[in-house]
Amino acid sequence: MEIKSSCLVIADISGYTRFVMLHTTSLLHAETIITDLLEAVIAKSEHPLTIAKLEGDAVFLYATVEGDQRMATRNVLKQVTEFFDAFRTKERALIGCNTCGCPACRSIDKLHLKAVLHLGDVLFKKVGQFMELAGTSVILIHRLLKNSVTIRPSKSKYS
């Protein structure tokens, strides 16, 4: 076990639960859409960001911070900004090439990406073959994700 200063990121697809619940008859399409959007986000992550784990409709990433915290956090923030561009590009591509009329395929535009970032101390521990992140910073970032801030796509480029 080791404690390291780390920048934590959770990129979460908002609207996932409602999207899947409303489209149980087209569940395969709904999950394919979510997977494609999540893969577009993941493809934009690069060193120093590392995927800690997938959490359903979200990806939990971290970057350990050694030395200049400002430079490290700027790098992470730049990547997260690119996550939004990748999400929107993939969303437009899915909508543009969609010839399916199922409810899930007609509702792609109802999904949004949100990201939460936090810098703090993180406990890294090995559990079997997995590296697990723990501590108050991990708890905090998950709580921040469940905030009550509303999404206003028309007002923000990064909704």
# chains A, B, ... in the order shown; residues from 1 in each chain; ligands from 1
>>> residues_around(residues="His118 in chain A", least_positions_apart="2", cutoff="7 Å", atoms="only C-alpha atoms", output="PDB file with N, CA and C atoms, in the first residue's frame")
ATOM      1  N   CYS A   7      -4.420  13.247  -9.177  1.00  0.00           N
ATOM      2  CA  CYS A   7      -5.538  13.949  -9.787  1.00  0.00           C
ATOM      3  C   CYS A   7      -6.532  12.869 -10.212  1.00  0.00           C
ATOM      4  N   LEU A   8      -7.730  12.950  -9.684  1.00  0.00           N
ATOM      5  CA  LEU A   8      -8.778  11.963  -9.973  1.00  0.00           C
ATOM      6  C   LEU A   8      -9.786  12.557 -10.948  1.00  0.00           C
ATOM      7  N   VAL A   9     -10.280  11.716 -11.845  1.00  0.00           N
ATOM      8  CA  VAL A   9     -11.266  12.140 -12.835  1.00  0.00           C
ATOM      9  C   VAL A   9     -12.334  11.063 -12.951  1.00  0.00           C
ATOM     10  N   VAL A 116     -15.921  15.134 -13.375  1.00  0.00           N
ATOM     11  CA  VAL A 116     -15.575  15.683 -12.080  1.00  0.00           C
ATOM     12  C   VAL A 116     -14.089  15.425 -11.876  1.00  0.00           C
ATOM     13  N   GLY A 120      -5.985  15.180  -4.689  1.00  0.00           N
ATOM     14  CA  GLY A 120      -5.854  14.831  -3.276  1.00  0.00           C
ATOM     15  C   GLY A 120      -5.001  13.605  -3.086  1.00  0.00           C
ATOM     16  N   ILE A 141     -14.718  12.412  -4.641  1.00  0.00           N
ATOM     17  CA  ILE A 141     -14.980  12.578  -6.072  1.00  0.00           C
ATOM     18  C   ILE A 141     -16.260  11.845  -6.484  1.00  0.00           C
TER      19      ILE A 141
END
>>> residues_around(residues="Thr64 in chain A", least_positions_apart="6", cutoff="10 Å", atoms="only C-alpha atoms", output="list in words")
Ile3, Lys4, Ser5, Ser6, Cys7, Leu8, Pro48, Leu49, Thr50, Ala72, Thr73, Leu119, Gly120, Asp121 and Val122 of chain A
>>> atom_distance(atom1="CA of Asp109 in chain A", atom2="CA of Glu46 in chain A")
26.8 Å
>>> residues_around(residues="range 78-87 of chain A", least_positions_apart="5", cutoff="10 Å", atoms="only C-alpha atoms", output="PyMOL selection string")
chain A and resi 9-11+13+36-49+72-73+92-93+111-117+157-159
>>> select_by_dssp(residues="range 12-153 of chain A", states="alpha helix (DSSP H)", output="ChimeraX atom specification")
/A:16-22,27-43,69-96,103-106,136-145
>>> residues_around(residues="Pro103 in chain A", least_positions_apart="2", cutoff="7 Å", atoms="only C-alpha atoms", output="PDB file with C-alpha atoms, in the first residue's frame")
ATOM      1  CA  HIS A  23     -35.371   1.481 -23.836  1.00  0.00           C
ATOM      2  CA  SER A  26     -33.856  -1.965 -27.521  1.00  0.00           C
ATOM      3  CA  GLY A 101     -35.837   3.692 -35.720  1.00  0.00           C
ATOM      4  CA  CYS A 105     -31.262   5.085 -31.450  1.00  0.00           C
ATOM      5  CA  ARG A 106     -33.721   7.985 -31.666  1.00  0.00           C
ATOM      6  CA  SER A 107     -32.706   9.237 -28.200  1.00  0.00           C
TER       7      SER A 107
END
>>> decode(residues="range 65-76 of chain A", atoms="all heavy atoms", output="PDB file, in the first residue's frame")
ATOM      1  N   VAL A  65       0.616  12.627  -9.101  1.00  0.00           N
ATOM      2  CA  VAL A  65       1.230  13.943  -9.262  1.00  0.00           C
ATOM      3  C   VAL A  65       2.542  13.970  -8.487  1.00  0.00           C
ATOM      4  O   VAL A  65       2.546  13.836  -7.266  1.00  0.00           O
ATOM      5  CB  VAL A  65       0.288  15.053  -8.755  1.00  0.00           C
ATOM      6  CG1 VAL A  65       0.958  16.412  -8.862  1.00  0.00           C
ATOM      7  CG2 VAL A  65      -1.024  15.025  -9.518  1.00  0.00           C
ATOM      8  N   GLU A  66       3.606  14.102  -9.224  1.00  0.00           N
ATOM      9  CA  GLU A  66       4.927  14.245  -8.607  1.00  0.00           C
ATOM     10  C   GLU A  66       5.536  15.510  -9.169  1.00  0.00           C
ATOM     11  O   GLU A  66       5.547  15.721 -10.370  1.00  0.00           O
ATOM     12  CB  GLU A  66       5.791  13.034  -8.938  1.00  0.00           C
ATOM     13  CG  GLU A  66       5.228  11.738  -8.385  1.00  0.00           C
ATOM     14  CD  GLU A  66       5.963  10.506  -8.891  1.00  0.00           C
ATOM     15  OE1 GLU A  66       7.065  10.647  -9.448  1.00  0.00           O
ATOM     16  OE2 GLU A  66       5.418   9.415  -8.738  1.00  0.00           O
ATOM     17  N   GLY A  67       6.007  16.357  -8.309  1.00  0.00           N
ATOM     18  CA  GLY A  67       6.609  17.596  -8.789  1.00  0.00           C
ATOM     19  C   GLY A  67       5.585  18.699  -8.951  1.00  0.00           C
ATOM     20  O   GLY A  67       4.796  18.976  -8.056  1.00  0.00           O
ATOM     21  N   ASP A  68       5.572  19.307 -10.125  1.00  0.00           N
ATOM     22  CA  ASP A  68       4.756  20.486 -10.405  1.00  0.00           C
ATOM     23  C   ASP A  68       3.272  20.119 -10.514  1.00  0.00           C
ATOM     24  O   ASP A  68       2.811  19.604 -11.526  1.00  0.00           O
ATOM     25  CB  ASP A  68       5.241  21.143 -11.693  1.00  0.00           C
ATOM     26  CG  ASP A  68       4.583  22.480 -11.978  1.00  0.00           C
ATOM     27  OD1 ASP A  68       3.640  22.856 -11.264  1.00  0.00           O
ATOM     28  OD2 ASP A  68       5.027  23.142 -12.934  1.00  0.00           O
ATOM     29  N   GLN A  69       2.494  20.420  -9.462  1.00  0.00           N
ATOM     30  CA  GLN A  69       1.064  20.102  -9.442  1.00  0.00           C
ATOM     31  C   GLN A  69       0.302  20.868 -10.512  1.00  0.00           C
ATOM     32  O   GLN A  69      -0.621  20.337 -11.110  1.00  0.00           O
ATOM     33  CB  GLN A  69       0.456  20.405  -8.078  1.00  0.00           C
ATOM     34  CG  GLN A  69       0.776  19.400  -7.024  1.00  0.00           C
ATOM     35  CD  GLN A  69       0.004  19.665  -5.740  1.00  0.00           C
ATOM     36  OE1 GLN A  69      -0.507  20.754  -5.496  1.00  0.00           O
ATOM     37  NE2 GLN A  69      -0.067  18.648  -4.896  1.00  0.00           N
ATOM     38  N   ARG A  70       0.693  22.124 -10.730  1.00  0.00           N
ATOM     39  CA  ARG A  70      -0.023  22.932 -11.729  1.00  0.00           C
ATOM     40  C   ARG A  70       0.104  22.332 -13.117  1.00  0.00           C
ATOM     41  O   ARG A  70      -0.870  22.260 -13.855  1.00  0.00           O
ATOM     42  CB  ARG A  70       0.509  24.361 -11.745  1.00  0.00           C
ATOM     43  CG  ARG A  70      -0.026  25.194 -10.649  1.00  0.00           C
ATOM     44  CD  ARG A  70       0.398  26.616 -10.830  1.00  0.00           C
ATOM     45  NE  ARG A  70      -0.239  27.403  -9.799  1.00  0.00           N
ATOM     46  CZ  ARG A  70      -0.383  28.683  -9.855  1.00  0.00           C
ATOM     47  NH1 ARG A  70       0.096  29.363 -10.875  1.00  0.00           N
ATOM     48  NH2 ARG A  70      -0.982  29.318  -8.894  1.00  0.00           N
ATOM     49  N   MET A  71       1.297  21.923 -13.490  1.00  0.00           N
ATOM     50  CA  MET A  71       1.501  21.361 -14.819  1.00  0.00           C
ATOM     51  C   MET A  71       0.725  20.055 -14.967  1.00  0.00           C
ATOM     52  O   MET A  71       0.070  19.814 -15.975  1.00  0.00           O
ATOM     53  CB  MET A  71       2.984  21.110 -15.108  1.00  0.00           C
ATOM     54  CG  MET A  71       3.228  20.642 -16.532  1.00  0.00           C
ATOM     55  SD  MET A  71       4.944  20.224 -16.926  1.00  0.00           S
ATOM     56  CE  MET A  71       5.837  21.596 -16.288  1.00  0.00           C
ATOM     57  N   ALA A  72       0.778  19.226 -13.946  1.00  0.00           N
ATOM     58  CA  ALA A  72       0.073  17.942 -13.996  1.00  0.00           C
ATOM     59  C   ALA A  72      -1.438  18.151 -14.103  1.00  0.00           C
ATOM     60  O   ALA A  72      -2.107  17.497 -14.910  1.00  0.00           O
ATOM     61  CB  ALA A  72       0.409  17.111 -12.761  1.00  0.00           C
ATOM     62  N   THR A  73      -1.977  19.053 -13.298  1.00  0.00           N
ATOM     63  CA  THR A  73      -3.428  19.268 -13.332  1.00  0.00           C
ATOM     64  C   THR A  73      -3.864  19.943 -14.633  1.00  0.00           C
ATOM     65  O   THR A  73      -4.941  19.656 -15.139  1.00  0.00           O
ATOM     66  CB  THR A  73      -3.913  20.072 -12.109  1.00  0.00           C
ATOM     67  OG1 THR A  73      -3.170  21.283 -11.995  1.00  0.00           O
ATOM     68  CG2 THR A  73      -3.750  19.267 -10.831  1.00  0.00           C
ATOM     69  N   ARG A  74      -3.030  20.816 -15.180  1.00  0.00           N
ATOM     70  CA  ARG A  74      -3.351  21.417 -16.487  1.00  0.00           C
ATOM     71  C   ARG A  74      -3.416  20.347 -17.575  1.00  0.00           C
ATOM     72  O   ARG A  74      -4.298  20.379 -18.431  1.00  0.00           O
ATOM     73  CB  ARG A  74      -2.314  22.469 -16.874  1.00  0.00           C
ATOM     74  CG  ARG A  74      -2.566  23.796 -16.262  1.00  0.00           C
ATOM     75  CD  ARG A  74      -1.654  24.855 -16.876  1.00  0.00           C
ATOM     76  NE  ARG A  74      -1.613  25.995 -16.001  1.00  0.00           N
ATOM     77  CZ  ARG A  74      -0.517  26.582 -15.568  1.00  0.00           C
ATOM     78  NH1 ARG A  74       0.662  26.157 -15.964  1.00  0.00           N
ATOM     79  NH2 ARG A  74      -0.586  27.610 -14.757  1.00  0.00           N
ATOM     80  N   ASN A  75      -2.465  19.431 -17.530  1.00  0.00           N
ATOM     81  CA  ASN A  75      -2.443  18.346 -18.509  1.00  0.00           C
ATOM     82  C   ASN A  75      -3.723  17.520 -18.407  1.00  0.00           C
ATOM     83  O   ASN A  75      -4.365  17.207 -19.411  1.00  0.00           O
ATOM     84  CB  ASN A  75      -1.202  17.462 -18.283  1.00  0.00           C
ATOM     85  CG  ASN A  75      -1.114  16.314 -19.274  1.00  0.00           C
ATOM     86  OD1 ASN A  75      -2.102  15.681 -19.614  1.00  0.00           O
ATOM     87  ND2 ASN A  75       0.095  16.035 -19.710  1.00  0.00           N
ATOM     88  N   VAL A  76      -4.103  17.171 -17.193  1.00  0.00           N
ATOM     89  CA  VAL A  76      -5.325  16.383 -16.983  1.00  0.00           C
ATOM     90  C   VAL A  76      -6.549  17.178 -17.439  1.00  0.00           C
ATOM     91  O   VAL A  76      -7.414  16.649 -18.143  1.00  0.00           O
ATOM     92  CB  VAL A  76      -5.451  15.951 -15.504  1.00  0.00           C
ATOM     93  CG1 VAL A  76      -6.824  15.369 -15.224  1.00  0.00           C
ATOM     94  CG2 VAL A  76      -4.357  14.945 -15.155  1.00  0.00           C
TER      95      VAL A  76
END
